[in-house]
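J.: I have a structure here, written as structure tokens, and I will follow up with some questions on it.
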Amino acid sequence: MPHRRARLTASTAQGQLAEALADLRSRLQLPAEFPADALAEAAAATAVPPQLDLRDIPFATLDPLGSRDLDQAFHLQRNGSGWRVRYAIADVPGFVRAGRAMDAEARRRGETLYAADGTIPLHPREISEDKGSLLPGRDRPAFVWTIDLDDAGAETAHEVTRAWVRSRVQLDYASTQADLDAGSTDTPAALLPEIGRARLKQERLRGGASLNLPDEEIVRDASGSYGIERRRPLPVEDWNAQLSLMTGMAAASMMLDAGIGILRTMPAADDVALNAFRVRTVALGLPWPHGVRYGDYLRSLDREDPQTLAVLQAAASLFRGAGYVAFDGAPPPNPLQAAVAAPYAHVTAPLRRLVDRWGLVVSAAVSSGASVPDWVRQSLPDVPGLMHTAIEKESRLASGSIDRVEAALLRDRVGERFAAWVLEVQDGRARVQLTDPIVTVSCRAEAGVVAGDTITVVLQGADIAGGTVRLEAETGEPTDTSDDHSSHSKPSGTAPADTPEESR
């Protein structure tokens with residue numbers, strides 16, 4: 001899918017939007033500056049020097065263009081008829097020590113927040129964008145995972161150790177995809193397509209599934225103008241995400257074997273939810289055949305068909321209940337992450353996500369046969385609650401920000417008629433997506449309207465401060481979103497992410 005962008009240009013609306021976004025930060029009580037003691041600690045922080053030196057391995061990073069908080073670097077090579085993947089993860093525990101100022105502030109924040117008007121990092125930028133980041137040409141401590149795969153992409157061995165690394169180059173998605181499409185063999189990512197495809201096949205064999213909804217992101221250009229961009233991830237992003245998923249699965253197996261750790265879990269959809277989804281696919285004109293697993297059905301849908309988006313929105317009901325479970329002793333009774341179709345742990349984004357710090361330290365201890373540190377055992381039960389609070393706040397920030405930008409995009413178009421695609425209808429409410437600008441709005445459903453319909457609506461009003469939009473169907477009574485508070489909400493289980501892996 002090409003980039004599709006709605007752009008705000010009116011200066012008055014821009015000013016109101018800036019005020020509304022600042023007010024949203026205040027309402028959510030988002031942190032502004034770091035405490036002085038955390039900043040001082042970051043300035044003085046030095047890495048715990050690892051004993052192993054892997055700086056001769058030409059690692060590379062692959063991230064959105066311009067990123068500074070680089071958690072991961074990879075090195076790919078053939079290994080007999082299969083592959084060896086080395087995956088270096090920023091050694092945040094080497095800088096952020098338990099019980100000190102940076103640790104306390106990170107526990108309060110939980111994760112990096114990506115607000116419309118700037119990021120709110122988990123750690124001071126001196127750590128997240130400098131000392132701890134795997135920037136090219138810099139010597140950095142890292143947790144280095146070595147994972148061997150056979151010729152079908154199935155894992156045959158894994159281990160993790162702390163080591164010095166030095167990334168050689170910082171790749172971005174668009175340029176790397178262009179190089180791969182051109183058949184380049186010079187890029188460090190040359191083996192990524194075949195490894196990624198092999199791992200995707202393994203995912204299908206496990207019964208894994210992913211919604212793969214288009215990304216939705218608030219963008220801001222050099223002039224300060226806000227807009228909303230919707231795009232489908234490039235293939236290279238999906239392949240890259242498979243490296244993280246593979247590593248998280250390896251970490252989970254280590255934790256379960258050792259009887260200590262923290263897993264990312266999600267229950268499988270029950271029969272009631274699956275049957276309800278099957279009925280909705282029939283109504284949407286893309287019936288889910290009996291005998292086909294729902295993951296295979298979702299993968300088979302044409303992402304360029306507008307009808308598919310309505311089906312994917314309906315499928316969101318199958319991707320709910322994700323959370324974290326910590327254990328020290330008996331493993332959890334149901335350790336599965338249903339979308340991954342395997343036990344899974346978050347260990348690949350420690351600069352941006354609190355829980356990964358615990359996962360990495362546990363994995364490294366288990367891999368080396370060392371004891372898990374006391375601070376991990378003592379604080380492990382607290383981490384699921386801290387992450388739940390952080391994710392809830394992140395979700396409110398994301399939906400509230402998009403609501404306000406969407407209202408600003410429509411503010412000066414009151415009275416205009418718009419074509420709208422009905423994504424879903426539930427409890428008398430419809431989620432519709434306008435086609436120009438591409439804005440998703442919730443409104444009351446007219447009698448007889450069903451998902452998949454195309455209707456015409458008239459814009460009655462748009463309130464930037466509250467992030468609400470009022471629509472009326474052309475043949476019906478005025479409908480609005482003010483009783484929802486929010487005109488936009490992401491399906492449960494698809495929180496914003498910089499890679500598909502993060503939505504797991």
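Identifiers in this document derive from the order of the structure tokens: chains are assigned A, B, ..., residues are numbered from 1 separately in each chain, and ligands are numbered from 1 in order of occurrence.
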Within range 291-356 of chain A, find each residue whose DSSP state, derived from the backbone, is helix (DSSP H, G or I), and express the selection as a ChimeraX atom specification.

T.: /A:294-300,306-318,355-356

J.: Excluding range 379-387 of chain A and its own-chain neighbours fewer than 3 positions away, which residues fall within 8 Å of it when counting only C-alpha atoms? Please give them as a list of chain:residue names.

T.: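 The filter keeps A:Arg107, A:Arg108, A:Gly110, A:Glu111, A:Gly261, A:Ile262, A:Gly323, A:Tyr324, A:Val325, A:Ala326, A:Phe327, A:Leu354, A:Val355, A:Trp358, A:Trp375, A:Val376, A:Ala390, A:Ile391.
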
J.: At a cut-off of 12 Å, using only C-alpha atoms, what residues contact Gly428 in chain A? Leave out same-chain residues fewer than 6 positions from it and give the result as a PyMOL selection string.

T.: chain A and resi 442-451+479

J.: Show me, as a list in words, the residues that have an atom within 12 Å of Leu301 in chain A when counting only C-alpha atoms, minus same-chain residues fewer than 4 positions from it.

T.: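 My reading of the contact set: Ser210, Leu211, Asn212, Leu213, Thr281, Gly285, Leu286, Pro287, Trp288, Tyr294, Gly295, Asp296, Tyr297, Asp305, Pro306, Gln307, Thr308, Leu309, Ala310, Val311 and Leu312 of chain A.
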
J.: Using CA of Ala142 in chain A and CA of Trp164 in chain A as the two end points, give the distance in Å to one decimal.

T.: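 Between CA of Ala142 in chain A and CA of Trp164 in chain A the gap is 6.2 Å.
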
J.: What does the distance from CA of Leu76 in chain A to CA of Lys201 in chain A come to in Å, to one decimal?

T.: 18.4 Å

J.: So how many Å separate CA of Arg280 in chain A and CA of Ile455 in chain A, to one decimal?

T.: 19.1 Å

J.: Just the residues within 10 Å of Pro188 in chain A, please, counting only C-alpha atoms, with nothing from its chain fewer than 6 positions along; format it as an MDAnalysis selection string.

T.: chainID A and resid 58:62 74:77 168:169 171 176

J.: Write a file of the selected residues as an mmCIF file, in the first residue's frame, keeping N, CA, C and O atoms.

T.:
data_model
loop_
_atom_site.group_PDB
_atom_site.id
_atom_site.type_symbol
_atom_site.label_atom_id
_atom_site.label_comp_id
_atom_site.auth_asym_id
_atom_site.auth_seq_id
_atom_site.Cartn_x
_atom_site.Cartn_y
_atom_site.Cartn_z
ATOM 1 N N PRO A 58 30.580 -7.760 11.863
ATOM 2 C CA PRO A 58 30.002 -6.542 11.272
ATOM 3 C C PRO A 58 28.480 -6.468 11.456
ATOM 4 O O PRO A 58 27.700 -6.729 10.545
ATOM 5 N N PHE A 59 28.065 -6.094 12.654
ATOM 6 C CA PHE A 59 26.640 -5.921 12.927
ATOM 7 C C PHE A 59 26.098 -4.716 12.163
ATOM 8 O O PHE A 59 26.836 -3.793 11.785
ATOM 9 N N ALA A 60 24.771 -4.716 11.957
ATOM 10 C CA ALA A 60 24.071 -3.588 11.340
ATOM 11 C C ALA A 60 22.737 -3.411 12.048
ATOM 12 O O ALA A 60 22.188 -4.368 12.609
ATOM 13 N N THR A 61 22.216 -2.186 12.047
ATOM 14 C CA THR A 61 20.894 -1.925 12.605
ATOM 15 C C THR A 61 19.918 -1.632 11.474
ATOM 16 O O THR A 61 20.322 -1.213 10.382
ATOM 17 N N LEU A 62 18.639 -1.842 11.722
ATOM 18 C CA LEU A 62 17.586 -1.591 10.743
ATOM 19 C C LEU A 62 16.392 -1.014 11.479
ATOM 20 O O LEU A 62 15.745 -1.700 12.272
ATOM 21 N N PHE A 74 21.912 -6.727 13.974
ATOM 22 C CA PHE A 74 21.931 -8.115 13.546
ATOM 23 C C PHE A 74 23.154 -8.418 12.679
ATOM 24 O O PHE A 74 23.742 -7.538 12.062
ATOM 25 N N HIS A 75 23.504 -9.685 12.643
ATOM 26 C CA HIS A 75 24.487 -10.206 11.697
ATOM 27 C C HIS A 75 23.964 -11.549 11.223
ATOM 28 O O HIS A 75 23.646 -12.436 12.040
ATOM 29 N N LEU A 76 23.847 -11.716 9.917
ATOM 30 C CA LEU A 76 23.254 -12.910 9.324
ATOM 31 C C LEU A 76 24.295 -13.631 8.482
ATOM 32 O O LEU A 76 25.022 -13.000 7.718
ATOM 33 N N GLN A 77 24.361 -14.942 8.616
ATOM 34 C CA GLN A 77 25.284 -15.706 7.794
ATOM 35 C C GLN A 77 24.726 -17.102 7.540
ATOM 36 O O GLN A 77 23.856 -17.587 8.264
ATOM 37 N N ARG A 168 28.267 -1.502 12.196
ATOM 38 C CA ARG A 168 28.976 -0.861 11.094
ATOM 39 C C ARG A 168 28.128 0.154 10.339
ATOM 40 O O ARG A 168 28.662 1.119 9.790
ATOM 41 N N VAL A 169 26.808 -0.085 10.280
ATOM 42 C CA VAL A 169 25.978 0.779 9.455
ATOM 43 C C VAL A 169 24.566 0.823 10.029
ATOM 44 O O VAL A 169 24.077 -0.148 10.603
ATOM 45 N N LEU A 171 20.899 1.060 8.850
ATOM 46 C CA LEU A 171 20.008 0.921 7.704
ATOM 47 C C LEU A 171 18.621 1.443 8.056
ATOM 48 O O LEU A 171 18.214 1.424 9.212
ATOM 49 N N THR A 176 16.579 -0.003 2.439
ATOM 50 C CA THR A 176 16.937 -1.419 2.444
ATOM 51 C C THR A 176 15.983 -2.218 1.564
ATOM 52 O O THR A 176 16.410 -3.117 0.827
#

J.: Would you pick out the contacts of Ala338 in chain A at 10 Å or less, using only C-alpha atoms, so that residues sharing its chain but fewer than 4 positions from it are not included, and give the list as a PyMOL selection string?

T.: chain A and resi 207-210+265-269+318-322+342-344+504

J.: Would you mind exporting N, CA, C and O atoms of the selected residues as a short mmCIF file (atom, residue, chain, number, x, y, z; two decimals), in the first residue's frame?

T.:
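Once written, part.cif looks like this:
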data_model
loop_
_atom_site.label_atom_id
_atom_site.label_comp_id
_atom_site.auth_asym_id
_atom_site.auth_seq_id
_atom_site.Cartn_x
_atom_site.Cartn_y
_atom_site.Cartn_z
N GLY A 207 0.66 -22.27 13.52
CA GLY A 207 -0.70 -21.78 13.67
C GLY A 207 -0.75 -20.35 14.14
O GLY A 207 -1.79 -19.89 14.64
N GLY A 208 0.35 -19.61 14.01
CA GLY A 208 0.38 -18.21 14.41
C GLY A 208 -0.43 -17.34 13.46
O GLY A 208 -0.75 -17.74 12.33
N ALA A 209 -0.77 -16.16 13.92
CA ALA A 209 -1.59 -15.26 13.11
C ALA A 209 -1.26 -13.82 13.49
O ALA A 209 -0.80 -13.53 14.59
N SER A 210 -1.52 -12.92 12.55
CA SER A 210 -1.32 -11.49 12.79
C SER A 210 -2.35 -10.72 11.99
O SER A 210 -2.70 -11.09 10.88
N THR A 265 1.83 -12.95 27.30
CA THR A 265 0.83 -13.98 27.04
C THR A 265 -0.41 -13.38 26.38
O THR A 265 -0.68 -12.18 26.49
N MET A 266 -1.15 -14.22 25.72
CA MET A 266 -2.45 -13.85 25.18
C MET A 266 -3.27 -15.12 25.00
O MET A 266 -2.80 -16.07 24.36
N PRO A 267 -4.47 -15.18 25.58
CA PRO A 267 -5.25 -16.41 25.47
C PRO A 267 -5.76 -16.61 24.05
O PRO A 267 -6.00 -15.66 23.30
N ALA A 268 -5.95 -17.87 23.69
CA ALA A 268 -6.53 -18.18 22.39
C ALA A 268 -8.00 -17.78 22.39
O ALA A 268 -8.68 -17.82 23.42
N ALA A 269 -8.49 -17.37 21.24
CA ALA A 269 -9.91 -17.03 21.12
C ALA A 269 -10.76 -18.27 21.39
O ALA A 269 -10.42 -19.37 20.96
N LEU A 318 -10.51 -11.36 18.11
CA LEU A 318 -9.76 -12.58 18.37
C LEU A 318 -8.39 -12.32 19.00
O LEU A 318 -7.69 -13.25 19.37
N PHE A 319 -7.99 -11.05 19.07
CA PHE A 319 -6.64 -10.69 19.51
C PHE A 319 -6.73 -9.84 20.79
O PHE A 319 -6.19 -8.74 20.86
N ARG A 320 -7.41 -10.35 21.78
CA ARG A 320 -7.60 -9.59 23.02
C ARG A 320 -7.04 -10.34 24.21
O ARG A 320 -6.88 -11.55 24.18
N GLY A 321 -6.77 -9.59 25.27
CA GLY A 321 -6.33 -10.19 26.52
C GLY A 321 -4.84 -10.33 26.69
O GLY A 321 -4.38 -11.05 27.59
N ALA A 322 -4.04 -9.65 25.85
CA ALA A 322 -2.59 -9.74 26.00
C ALA A 322 -2.15 -9.12 27.32
O ALA A 322 -2.69 -8.11 27.77
N ALA A 342 3.08 -19.76 20.49
CA ALA A 342 4.21 -20.31 21.24
C ALA A 342 4.41 -19.45 22.48
O ALA A 342 3.96 -18.30 22.53
N PRO A 343 5.08 -19.96 23.50
CA PRO A 343 5.50 -19.09 24.61
C PRO A 343 6.43 -18.00 24.07
O PRO A 343 7.24 -18.25 23.16
N TYR A 344 6.34 -16.83 24.66
CA TYR A 344 7.03 -15.67 24.08
C TYR A 344 7.35 -14.67 25.18
O TYR A 344 6.58 -14.52 26.15
N ARG A 504 2.65 -7.61 19.29
CA ARG A 504 2.40 -8.90 19.91
C ARG A 504 2.36 -8.74 21.42
O ARG A 504 2.28 -9.67 22.15
#

J.: Range 273-433 of chain A: which residues are strand (DSSP E) by DSSP, as a PyMOL selection string?

T.: chain A and resi 323-328+336-337+342-343+417-426+429-433

J.: Now that the selection is made, can you save its residues with N, CA and C atoms as an mmCIF file, in the first residue's frame?

T.:
data_model
loop_
_atom_site.group_PDB
_atom_site.id
_atom_site.type_symbol
_atom_site.label_atom_id
_atom_site.label_comp_id
_atom_site.auth_asym_id
_atom_site.auth_seq_id
_atom_site.Cartn_x
_atom_site.Cartn_y
_atom_site.Cartn_z
ATOM 1 N N GLY A 323 -1.176 -9.745 27.951
ATOM 2 C CA GLY A 323 -0.661 -9.243 29.216
ATOM 3 C C GLY A 323 0.680 -9.868 29.534
ATOM 4 N N TYR A 324 1.130 -9.688 30.749
ATOM 5 C CA TYR A 324 2.405 -10.249 31.203
ATOM 6 C C TYR A 324 2.156 -11.125 32.425
ATOM 7 N N VAL A 325 2.891 -12.221 32.533
ATOM 8 C CA VAL A 325 2.820 -13.067 33.714
ATOM 9 C C VAL A 325 4.238 -13.364 34.187
ATOM 10 N N ALA A 326 4.505 -13.031 35.441
ATOM 11 C CA ALA A 326 5.812 -13.283 36.047
ATOM 12 C C ALA A 326 5.725 -14.549 36.896
ATOM 13 N N PHE A 327 6.818 -15.302 36.957
ATOM 14 C CA PHE A 327 6.821 -16.535 37.745
ATOM 15 C C PHE A 327 8.220 -16.803 38.268
ATOM 16 N N ASP A 328 8.286 -17.393 39.441
ATOM 17 C CA ASP A 328 9.546 -17.810 40.057
ATOM 18 C C ASP A 328 9.251 -19.093 40.824
ATOM 19 N N LEU A 336 1.118 -19.637 26.760
ATOM 20 C CA LEU A 336 1.077 -19.388 25.322
ATOM 21 C C LEU A 336 0.744 -17.935 24.989
ATOM 22 N N GLN A 337 1.394 -17.421 23.954
ATOM 23 C CA GLN A 337 0.963 -16.183 23.304
ATOM 24 C C GLN A 337 0.265 -16.635 22.030
ATOM 25 N N ALA A 342 3.083 -19.755 20.492
ATOM 26 C CA ALA A 342 4.212 -20.311 21.242
ATOM 27 C C ALA A 342 4.407 -19.447 22.484
ATOM 28 N N PRO A 343 5.082 -19.959 23.505
ATOM 29 C CA PRO A 343 5.501 -19.092 24.606
ATOM 30 C C PRO A 343 6.433 -18.000 24.070
ATOM 31 N N ARG A 417 -20.032 17.015 2.303
ATOM 32 C CA ARG A 417 -20.431 15.616 2.197
ATOM 33 C C ARG A 417 -19.179 14.772 1.963
ATOM 34 N N PHE A 418 -19.156 13.575 2.587
ATOM 35 C CA PHE A 418 -18.008 12.687 2.470
ATOM 36 C C PHE A 418 -18.492 11.270 2.184
ATOM 37 N N ALA A 419 -17.763 10.581 1.333
ATOM 38 C CA ALA A 419 -17.974 9.143 1.194
ATOM 39 C C ALA A 419 -17.302 8.450 2.367
ATOM 40 N N ALA A 420 -17.974 7.454 2.936
ATOM 41 C CA ALA A 420 -17.444 6.769 4.114
ATOM 42 C C ALA A 420 -17.633 5.266 3.958
ATOM 43 N N TRP A 421 -16.628 4.525 4.339
ATOM 44 C CA TRP A 421 -16.642 3.062 4.291
ATOM 45 C C TRP A 421 -16.938 2.557 5.698
ATOM 46 N N VAL A 422 -17.972 1.737 5.876
ATOM 47 C CA VAL A 422 -18.362 1.225 7.185
ATOM 48 C C VAL A 422 -17.460 0.049 7.549
ATOM 49 N N LEU A 423 -16.671 0.218 8.604
ATOM 50 C CA LEU A 423 -15.741 -0.822 9.031
ATOM 51 C C LEU A 423 -16.409 -1.852 9.918
ATOM 52 N N GLU A 424 -17.245 -1.411 10.839
ATOM 53 C CA GLU A 424 -17.959 -2.332 11.698
ATOM 54 C C GLU A 424 -19.167 -1.640 12.299
ATOM 55 N N VAL A 425 -20.152 -2.423 12.673
ATOM 56 C CA VAL A 425 -21.352 -1.934 13.346
ATOM 57 C C VAL A 425 -21.563 -2.798 14.575
ATOM 58 N N GLN A 426 -21.665 -2.145 15.733
ATOM 59 C CA GLN A 426 -21.821 -2.897 16.974
ATOM 60 C C GLN A 426 -22.562 -2.042 17.985
ATOM 61 N N ARG A 429 -23.634 1.427 17.053
ATOM 62 C CA ARG A 429 -22.575 2.365 16.679
ATOM 63 C C ARG A 429 -21.852 1.828 15.449
ATOM 64 N N ALA A 430 -21.407 2.718 14.603
ATOM 65 C CA ALA A 430 -20.648 2.334 13.410
ATOM 66 C C ALA A 430 -19.290 3.019 13.429
ATOM 67 N N ARG A 431 -18.265 2.268 13.067
ATOM 68 C CA ARG A 431 -16.959 2.871 12.824
ATOM 69 C C ARG A 431 -16.824 3.013 11.326
ATOM 70 N N VAL A 432 -16.641 4.241 10.877
ATOM 71 C CA VAL A 432 -16.552 4.501 9.442
ATOM 72 C C VAL A 432 -15.228 5.178 9.137
ATOM 73 N N GLN A 433 -14.739 4.941 7.938
ATOM 74 C CA GLN A 433 -13.515 5.596 7.499
ATOM 75 C C GLN A 433 -13.844 6.479 6.302
#

J.: Please identify all polymer residues within 10 Å of Leu191 in chain A, counting only C-alpha atoms, omitting same-chain residues fewer than 4 positions from it, and present them as a PyMOL selection string.

T.: chain A and resi 75-78+83+85+180+185+187+195-196

J.: Please produce a file of the residues just selected, as a compact mmCIF listing (two decimals), in the first residue's frame, where the atoms kept are all heavy atoms.

T.:
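File produced: again-v4.txt:
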# COMPACT_ATOMS: atom_id res chain seq x y z
N HIS A 75 23.50 -9.69 12.64
CA HIS A 75 24.49 -10.21 11.70
C HIS A 75 23.96 -11.55 11.22
O HIS A 75 23.65 -12.44 12.04
CB HIS A 75 25.87 -10.37 12.33
CG HIS A 75 26.86 -10.98 11.39
ND1 HIS A 75 27.24 -12.32 11.46
CD2 HIS A 75 27.55 -10.44 10.35
CE1 HIS A 75 28.11 -12.57 10.51
NE2 HIS A 75 28.33 -11.46 9.82
N LEU A 76 23.85 -11.72 9.92
CA LEU A 76 23.25 -12.91 9.32
C LEU A 76 24.29 -13.63 8.48
O LEU A 76 25.02 -13.00 7.72
CB LEU A 76 22.06 -12.52 8.44
CG LEU A 76 21.04 -11.54 9.05
CD1 LEU A 76 20.01 -11.14 8.01
CD2 LEU A 76 20.39 -12.15 10.28
N GLN A 77 24.36 -14.94 8.62
CA GLN A 77 25.28 -15.71 7.79
C GLN A 77 24.73 -17.10 7.54
O GLN A 77 23.86 -17.59 8.26
CB GLN A 77 26.65 -15.83 8.48
CG GLN A 77 26.66 -16.67 9.74
CD GLN A 77 28.01 -16.70 10.40
OE1 GLN A 77 28.40 -15.76 11.10
NE2 GLN A 77 28.75 -17.80 10.19
N ARG A 78 25.21 -17.72 6.49
CA ARG A 78 24.83 -19.09 6.22
C ARG A 78 25.56 -20.02 7.20
O ARG A 78 26.69 -19.75 7.61
CB ARG A 78 25.16 -19.47 4.79
CG ARG A 78 24.40 -18.61 3.78
CD ARG A 78 24.44 -19.21 2.38
NE ARG A 78 23.81 -18.31 1.43
CZ ARG A 78 22.50 -18.19 1.25
NH1 ARG A 78 21.69 -18.96 1.97
NH2 ARG A 78 22.01 -17.36 0.37
N TRP A 83 21.04 -21.24 8.61
CA TRP A 83 21.56 -19.90 8.88
C TRP A 83 21.95 -19.77 10.35
O TRP A 83 21.45 -20.50 11.22
CB TRP A 83 20.49 -18.85 8.59
CG TRP A 83 19.94 -18.86 7.20
CD1 TRP A 83 20.44 -18.23 6.09
CD2 TRP A 83 18.76 -19.54 6.75
NE1 TRP A 83 19.66 -18.47 5.00
CE2 TRP A 83 18.62 -19.27 5.36
CE3 TRP A 83 17.81 -20.36 7.37
CZ2 TRP A 83 17.57 -19.78 4.61
CZ3 TRP A 83 16.76 -20.87 6.63
CH2 TRP A 83 16.65 -20.58 5.26
N VAL A 85 21.97 -16.61 13.05
CA VAL A 85 21.55 -15.22 13.31
C VAL A 85 22.18 -14.77 14.62
O VAL A 85 21.99 -15.43 15.66
CB VAL A 85 20.01 -15.11 13.40
CG1 VAL A 85 19.61 -13.68 13.77
CG2 VAL A 85 19.36 -15.54 12.09
N LEU A 180 17.09 -4.47 -1.65
CA LEU A 180 16.73 -5.88 -1.79
C LEU A 180 15.91 -6.12 -3.05
O LEU A 180 16.11 -7.12 -3.75
CB LEU A 180 15.95 -6.33 -0.55
CG LEU A 180 16.76 -6.35 0.76
CD1 LEU A 180 15.84 -6.63 1.94
CD2 LEU A 180 17.87 -7.38 0.71
N THR A 185 23.40 -7.64 -3.27
CA THR A 185 23.98 -8.60 -2.34
C THR A 185 25.01 -7.94 -1.42
O THR A 185 25.62 -8.61 -0.58
CB THR A 185 24.67 -9.74 -3.11
OG1 THR A 185 25.68 -9.19 -3.97
CG2 THR A 185 23.66 -10.52 -3.93
N THR A 187 24.29 -5.40 0.72
CA THR A 187 23.70 -4.95 1.97
C THR A 187 23.84 -6.01 3.06
O THR A 187 23.76 -7.22 2.78
CB THR A 187 22.20 -4.62 1.78
OG1 THR A 187 21.60 -4.36 3.05
CG2 THR A 187 21.47 -5.75 1.09
N ILE A 195 15.62 -15.62 5.29
CA ILE A 195 15.41 -15.99 6.70
C ILE A 195 14.01 -15.58 7.14
O ILE A 195 13.30 -16.34 7.80
CB ILE A 195 16.48 -15.34 7.60
CG1 ILE A 195 17.86 -15.92 7.27
CG2 ILE A 195 16.16 -15.56 9.07
CD1 ILE A 195 19.00 -15.24 7.99
N GLY A 196 13.61 -14.34 6.79
CA GLY A 196 12.29 -13.86 7.17
C GLY A 196 11.18 -14.72 6.60
O GLY A 196 10.22 -15.07 7.30
